[in-house]
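**Student:** work-v6.cif (mmCIF, C-alpha atoms) pasted underneath:
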data_structure
#
loop_
_atom_site.label_atom_id
_atom_site.label_comp_id
_atom_site.auth_asym_id
_atom_site.auth_seq_id
_atom_site.Cartn_x
_atom_site.Cartn_y
_atom_site.Cartn_z
CA MET A 1 31.81 -4.23 -27.89
CA LEU A 2 28.94 -3.78 -30.34
CA THR A 3 26.19 -4.70 -27.85
CA GLY A 4 23.68 -1.85 -27.62
CA ILE A 5 25.50 0.19 -30.26
CA LYS A 6 23.25 1.86 -32.83
CA GLY A 7 25.84 4.13 -34.48
CA ILE A 8 29.55 3.79 -35.23
CA ILE A 9 31.65 6.84 -36.08
CA PHE A 10 35.09 6.39 -37.57
CA ASP A 11 38.01 8.72 -37.69
CA MET A 12 39.58 8.34 -41.13
CA ASP A 13 43.36 8.86 -41.21
CA GLY A 14 45.23 6.22 -39.24
CA THR A 15 41.95 4.48 -38.42
CA LEU A 16 40.30 3.37 -41.65
CA VAL A 17 43.27 4.14 -43.91
CA ASP A 18 47.05 4.00 -43.52
CA SER A 19 47.84 7.63 -44.31
CA MET A 20 49.44 9.33 -41.32
CA TRP A 21 52.92 8.87 -42.80
CA ILE A 22 52.01 11.15 -45.70
CA TRP A 23 51.61 14.35 -43.71
CA ARG A 24 55.11 14.51 -42.29
CA HIS A 25 56.45 14.32 -45.86
CA ILE A 26 53.98 16.95 -47.09
CA ASP A 27 54.80 19.31 -44.23
CA MET A 28 58.52 18.93 -44.87
CA GLU A 29 58.10 19.51 -48.60
CA TYR A 30 55.73 22.44 -48.16
CA LEU A 31 57.96 24.24 -45.67
CA GLY A 32 61.08 23.35 -47.67
CA ARG A 33 59.68 25.13 -50.72
CA LEU A 34 59.48 28.25 -48.57
CA GLY A 35 62.98 27.84 -47.19
CA LEU A 36 61.64 26.81 -43.80
CA THR A 37 62.46 23.78 -41.65
CA MET A 38 60.01 21.56 -39.82
CA TYR A 39 60.87 21.34 -36.14
CA PRO A 40 60.60 18.03 -34.19
CA THR A 41 57.41 18.72 -32.20
CA LEU A 42 55.33 20.20 -35.01
CA GLN A 43 53.27 17.05 -35.67
CA GLN A 44 52.36 16.72 -32.00
CA GLU A 45 51.36 20.39 -31.75
CA ILE A 46 48.83 20.12 -34.58
CA GLU A 47 47.42 16.71 -33.58
CA GLY A 48 43.63 16.69 -33.77
CA MET A 49 43.34 20.15 -35.34
CA SER A 50 40.98 20.58 -38.27
CA PHE A 51 42.41 21.18 -41.73
CA SER A 52 41.54 24.87 -41.36
CA GLU A 53 42.93 25.15 -37.84
CA THR A 54 46.18 23.54 -38.97
CA ALA A 55 46.50 25.96 -41.88
CA GLY A 56 45.88 28.86 -39.49
CA PHE A 57 48.53 27.48 -37.14
CA PHE A 58 51.07 27.26 -39.99
CA LYS A 59 50.24 30.77 -41.17
CA LYS A 60 50.84 32.26 -37.72
CA LYS A 61 53.74 30.03 -36.66
CA PHE A 62 55.75 30.52 -39.86
CA ALA A 63 54.50 34.04 -40.72
CA LEU A 64 53.21 32.87 -44.10
CA GLU A 65 51.93 35.38 -46.65
CA ASP A 66 49.38 33.01 -48.18
CA SER A 67 45.84 32.98 -46.84
CA VAL A 68 44.47 29.99 -44.92
CA ASP A 69 42.46 29.00 -48.00
CA GLU A 70 45.57 29.17 -50.21
CA ILE A 71 47.54 27.02 -47.77
CA LYS A 72 44.74 24.44 -47.68
CA ALA A 73 44.54 24.41 -51.48
CA ASP A 74 48.29 23.76 -51.71
CA TRP A 75 48.04 20.86 -49.25
CA ASN A 76 45.09 19.37 -51.12
CA ARG A 77 47.02 19.50 -54.39
CA MET A 78 50.09 17.95 -52.81
CA ALA A 79 48.13 15.15 -51.16
CA LEU A 80 45.57 14.33 -53.87
CA TYR A 81 47.75 11.92 -55.88
CA LYS A 82 48.86 10.08 -52.76
CA TYR A 83 45.30 9.75 -51.47
CA THR A 84 44.17 8.52 -54.87
CA HIS A 85 46.96 6.03 -55.53
CA GLU A 86 49.08 5.37 -52.43
CA VAL A 87 46.79 5.30 -49.38
CA PRO A 88 45.48 1.79 -48.61
CA LEU A 89 42.61 0.75 -46.42
CA LYS A 90 43.61 -0.82 -43.13
CA GLN A 91 43.38 -4.62 -43.15
CA GLY A 92 39.89 -5.93 -42.45
CA VAL A 93 38.04 -2.64 -42.95
CA PRO A 94 35.67 -3.76 -45.75
CA GLU A 95 34.73 -6.91 -43.87
CA PHE A 96 34.09 -5.03 -40.63
CA LEU A 97 31.95 -2.41 -42.35
CA ALA A 98 29.91 -5.13 -44.04
CA HIS A 99 29.49 -6.90 -40.68
CA CYS A 100 28.21 -3.73 -39.01
CA ARG A 101 25.89 -2.98 -41.92
CA GLY A 102 24.49 -6.50 -41.55
CA LEU A 103 23.72 -5.73 -37.89
CA GLY A 104 21.78 -2.63 -38.94
CA ILE A 105 24.25 -0.24 -37.32
CA ARG A 106 24.38 3.23 -38.86
CA MET A 107 27.89 4.41 -39.69
CA GLY A 108 29.66 7.69 -40.33
CA ILE A 109 33.01 9.44 -40.53
CA ALA A 110 34.25 12.32 -38.37
CA THR A 111 37.62 13.46 -39.68
CA SER A 112 40.10 16.30 -39.26
CA ASN A 113 41.04 15.98 -42.92
CA SER A 114 39.70 18.13 -45.76
CA ARG A 115 36.41 17.39 -47.49
CA GLU A 116 38.27 16.97 -50.80
CA LEU A 117 40.61 14.26 -49.53
CA THR A 118 37.88 12.57 -47.51
CA ASP A 119 35.65 12.33 -50.58
CA THR A 120 38.61 10.94 -52.54
CA ILE A 121 39.14 8.11 -50.04
CA LEU A 122 35.44 7.27 -49.99
CA ARG A 123 35.34 7.17 -53.79
CA VAL A 124 38.60 5.28 -54.40
CA HIS A 125 37.85 2.59 -51.82
CA LYS A 126 34.11 2.43 -52.54
CA LEU A 127 33.06 3.28 -48.99
CA TRP A 128 30.20 5.66 -49.77
CA ASP A 129 27.58 2.90 -49.60
CA PHE A 130 28.56 2.15 -46.01
CA MET A 131 28.43 5.73 -44.71
CA ASP A 132 25.25 7.42 -43.52
CA ALA A 133 27.06 10.60 -42.49
CA VAL A 134 30.39 12.30 -43.21
CA VAL A 135 31.54 15.34 -41.22
CA THR A 136 34.88 17.15 -41.30
CA SER A 137 36.20 19.26 -38.45
CA CYS A 138 36.20 22.28 -40.78
CA GLU A 139 32.40 22.08 -40.73
CA VAL A 140 32.11 22.53 -36.94
CA GLU A 141 33.33 25.17 -34.51
CA LYS A 142 36.30 23.36 -33.00
CA GLY A 143 38.51 20.42 -34.01
CA LYS A 144 39.50 17.50 -31.80
CA PRO A 145 39.86 17.13 -28.79
CA ALA A 146 36.63 19.15 -28.69
CA PRO A 147 33.63 16.84 -29.19
CA ASP A 148 32.04 18.98 -31.93
CA VAL A 149 32.75 16.78 -34.96
CA TYR A 150 31.57 13.62 -33.22
CA LEU A 151 28.40 15.23 -31.95
CA ALA A 152 27.66 16.57 -35.44
CA ALA A 153 28.15 13.11 -36.92
CA ALA A 154 25.86 11.53 -34.31
CA ALA A 155 23.20 14.13 -35.08
CA LYS A 156 23.39 13.28 -38.78
CA LEU A 157 23.15 9.58 -37.94
CA GLU A 158 20.16 10.38 -35.72
CA VAL A 159 21.71 8.31 -32.94
CA ALA A 160 22.13 9.48 -29.35
CA PRO A 161 25.80 9.90 -28.31
CA GLU A 162 25.48 7.28 -25.58
CA ASN A 163 24.53 4.73 -28.24
CA CYS A 164 27.55 5.55 -30.43
CA LEU A 165 30.93 3.83 -30.65
CA VAL A 166 33.94 5.76 -31.94
CA PHE A 167 37.04 4.26 -33.56
CA GLU A 168 40.13 6.47 -33.22
CA ASP A 169 43.89 6.14 -33.59
CA ILE A 170 45.26 9.22 -31.77
CA VAL A 171 44.93 10.58 -28.25
CA MET A 172 43.26 13.84 -29.25
CA GLY A 173 40.62 11.93 -31.18
CA ILE A 174 39.99 9.55 -28.29
CA ARG A 175 39.54 12.54 -26.00
CA ALA A 176 37.06 14.02 -28.48
CA GLY A 177 34.97 10.86 -28.56
CA LYS A 178 34.92 10.57 -24.78
CA ALA A 179 34.04 14.26 -24.44
CA ALA A 180 31.07 13.59 -26.73
CA GLY A 181 29.81 10.99 -24.26
CA MET A 182 30.52 8.04 -26.55
CA LYS A 183 32.27 4.72 -26.11
CA VAL A 184 35.68 4.75 -27.82
CA CYS A 185 37.78 1.96 -29.28
CA ALA A 186 41.42 2.89 -29.87
CA VAL A 187 42.99 1.51 -33.04
CA GLU A 188 46.65 0.57 -33.36
CA ASP A 189 48.62 2.61 -35.89
CA ALA A 190 52.35 2.83 -36.55
CA TYR A 191 52.28 6.63 -36.41
CA SER A 192 50.95 6.70 -32.83
CA VAL A 193 52.66 3.60 -31.45
CA PHE A 194 54.43 5.77 -28.88
CA GLN A 195 50.97 6.67 -27.51
CA THR A 196 49.82 3.07 -27.06
CA ASN A 197 49.70 3.05 -23.26
CA GLU A 198 47.92 6.42 -23.12
CA LYS A 199 45.45 5.32 -25.79
CA LYS A 200 44.62 2.17 -23.84
CA ALA A 201 44.18 4.16 -20.64
CA LEU A 202 41.80 6.67 -22.24
CA ALA A 203 39.71 4.39 -24.46
CA ASP A 204 37.10 1.81 -23.49
CA TYR A 205 38.53 -0.76 -25.92
CA TYR A 206 41.69 -1.32 -27.94
CA ILE A 207 42.20 -3.31 -31.15
CA SER A 208 45.31 -4.08 -33.16
CA GLY A 209 43.23 -3.86 -36.33
CA PHE A 210 39.83 -4.50 -37.89
CA HIS A 211 40.98 -7.89 -39.16
CA ASN A 212 40.79 -9.22 -35.61
CA TRP A 213 38.50 -6.72 -33.93
CA GLU A 214 36.80 -9.46 -31.89
CA LYS A 215 40.05 -9.88 -29.95
CA TYR A 216 39.69 -6.41 -28.44
CA GLU A 217 41.13 -5.41 -25.11
CA ARG A 218 38.69 -3.97 -22.61
CA LYS A 219 39.67 -1.16 -20.24
#
Output the file's structure as structure tokens, nothing else.
**Tutor:**
Amino acid sequence: MLTGIKGIIFDMDGTLVDSMWIWRHIDMEYLGRLGLTMYPTLQQEIEGMSFSETAGFFKKKFALEDSVDEIKADWNRMALYKYTHEVPLKQGVPEFLAHCRGLGIRMGIATSNSRELTDTILRVHKLWDFMDAVVTSCEVEKGKPAPDVYLAAAAKLEVAPENCLVFEDIVMGIRAGKAAGMKVCAVEDAYSVFQTNEKKALADYYISGFHNWEKYERK
């Protein structure tokens, strides 16, 4: 899987860290404070959107008075403690990053999360030294499944897209990596277990986790 790869770009939530469970709780709490109820398909409708796009979606969908920036600030405040104290790395991540660094592969992150929460994860789990580039979807024109965030990360890594490998846990992210012209390895995550067959069909590779990445499935 790593043969010929010069750059690896990771999604963050659900890929490097076990955090997807947090956002359903935050959405429920946030809307509950406003006397609103989260409907069943909300999480699927916002999948892959940037932090800013999601805030804009909430503002329009629920006719919120707060600005997009105010909504984002509320979410950051609500999530900061959890990202600092309750979000663990996925099993095997440090070892895999060290392995790739030993091979001379440049690495980066392309995430739909906010810069504040991304920086928190990198600091808390001491990942900064592994990352040569960090890009959030708020910093590009369109969020996933558009390829923008992955192409921006590759440009920062100074690696051609065809020499990049993406690790992603959700369908929209896999589509984004493929649209960028990159190889994609889907990562198992409890949040997206219902998408397993679709993830395997779309991605070039599939792993149950970084602790046994060498036992990957090939498309």
**Student:** What's the separation between CA of Ala203 in chain A and CA of Thr41 in chain A, in Å to one decimal place?
**Tutor:**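 Distance between the two atoms: 24.1 Å.
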**Student:** I need the residue nearest Ser192 in chain A from this list: A:Ala55, A:Leu103, A:Met20, A:Met78. Use all atoms listed in the file for the distance.
**Tutor:**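 Ranked by minimum distance to Ser192 in chain A, first place goes to A:Met20.
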**Student:** By how many Å are CA of Leu157 in chain A and CA of Glu47 in chain A apart?
**Tutor:** 25.7 Å
**Student:** Measuring atom to atom with all atoms listed in the file, identify which of A:Ala176, A:Val159, A:Leu16, A:Ala201 is nearest to Glu95 in chain A.
**Tutor:**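 Of all the options, A:Leu16 lies closest to Glu95 in chain A.
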**Student:** Choose the residue, out of A:Ile109, A:Val124, A:Val193, A:Asp148, that has the smallest atom-to-atom separation from Asp13 in chain A; count all atoms listed in the file.
**Tutor:**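 Distance minimum relative to Asp13 in chain A lands on A:Ile109.
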**Student:** Give as a VMD selection string the residues that the PyMOL selection byres ((chain A and resi 25-35) around 10) matches when applied to the coordinates above.
**Tutor:** chain A and resid 20 to 24 36 to 39 42 to 43 58 62 64 71 74 to 75 78 to 79
**Student:** Assuming the chain letters and numbering stay as they are in my file, what does the PyMOL selection byres ((chain A and resi 179-188) around 6) actually select? List them as an mmCIF file with C-alpha atoms, in the coordinates of the input.
**Tutor:**
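And here's expr.cif as it stands now:
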data_model
loop_
_atom_site.group_PDB
_atom_site.id
_atom_site.type_symbol
_atom_site.label_atom_id
_atom_site.label_comp_id
_atom_site.auth_asym_id
_atom_site.auth_seq_id
_atom_site.Cartn_x
_atom_site.Cartn_y
_atom_site.Cartn_z
ATOM 1 C CA PRO A 147 33.630 16.840 -29.190
ATOM 2 C CA PRO A 161 25.800 9.900 -28.310
ATOM 3 C CA GLU A 162 25.480 7.280 -25.580
ATOM 4 C CA CYS A 164 27.550 5.550 -30.430
ATOM 5 C CA LEU A 165 30.930 3.830 -30.650
ATOM 6 C CA VAL A 166 33.940 5.760 -31.940
ATOM 7 C CA PHE A 167 37.040 4.260 -33.560
ATOM 8 C CA GLU A 168 40.130 6.470 -33.220
ATOM 9 C CA ASP A 169 43.890 6.140 -33.590
ATOM 10 C CA ARG A 175 39.540 12.540 -26.000
ATOM 11 C CA ALA A 176 37.060 14.020 -28.480
ATOM 12 C CA GLY A 177 34.970 10.860 -28.560
ATOM 13 C CA LYS A 178 34.920 10.570 -24.780
ATOM 14 C CA ASP A 189 48.620 2.610 -35.890
ATOM 15 C CA ALA A 203 39.710 4.390 -24.460
ATOM 16 C CA ASP A 204 37.100 1.810 -23.490
ATOM 17 C CA TYR A 205 38.530 -0.760 -25.920
ATOM 18 C CA TYR A 206 41.690 -1.320 -27.940
ATOM 19 C CA ILE A 207 42.200 -3.310 -31.150
ATOM 20 C CA SER A 208 45.310 -4.080 -33.160
#
**Student:** Considering only C-alpha atoms, can you say which of A:Ala146, A:Thr84, A:Gly92, A:Val17 comes closest to Ser50 in chain A?
**Tutor:**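 Closest candidate: A:Ala146.
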**Student:** Please indicate the distance in Å from CA of Cys100 in chain A to CA of Met131 in chain A, rounded to one decimal place.
**Tutor:**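 CA of Met131 in chain A lies at a distance of 11.0 Å from CA of Cys100 in chain A.
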**Student:** Can you tell me, as a PyMOL selection string, what residues are no more than 10 Å from Glu45 in chain A when counting only C-alpha atoms, ignoring any on the same chain fewer than 4 positions away?
**Tutor:** chain A and resi 40-41+49+54+57
**Student:** Find the residue from A:Leu122, A:Ala133, A:Ala160, A:Ala190 that sits nearest to Lys6 in chain A; use only C-alpha atoms when measuring.
**Tutor:**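 With only C-alpha atoms as the atom set, the closest residue is A:Ala160.
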**Student:** If the PyMOL selection byres ((chain A and resi 105) around 12) is run on the structure shown, which residues does it catch, given as a PyMOL selection string?
**Tutor:** chain A and resi 2-9+96-104+106-108+130-132+157-159+163-165
**Student:** Taking all atoms of range 10-24 of chain A that the file lists, what box with edges along x, y and z, padded by 8 Å per side, do you get, with centre and edge lengths in Å to one decimal, as AutoDock Vina command-line options?
**Tutor:**
--center_x 45.1 --center_y 8.9 --center_z -41.6 --size_x 36.0 --size_y 27.1 --size_z 24.1
**Student:** For a cutoff of 12 Å around the file-coordinate point (41.3, 17.0, -38.8), which residues qualify once you count only C-alpha atoms? I'd like the result as a ChimeraX atom specification.
**Tutor:** /A:11-14,20,23,46-55,109-115,117-118,135-140,142-146,148-150,168,170,172-173,176
**Student:** Would you please work out which residue, of A:Asp66, A:Thr15, A:Lys72, A:Phe194, is nearest to Pro88 in chain A when using all atoms listed in the file?
**Tutor:** A:Thr15
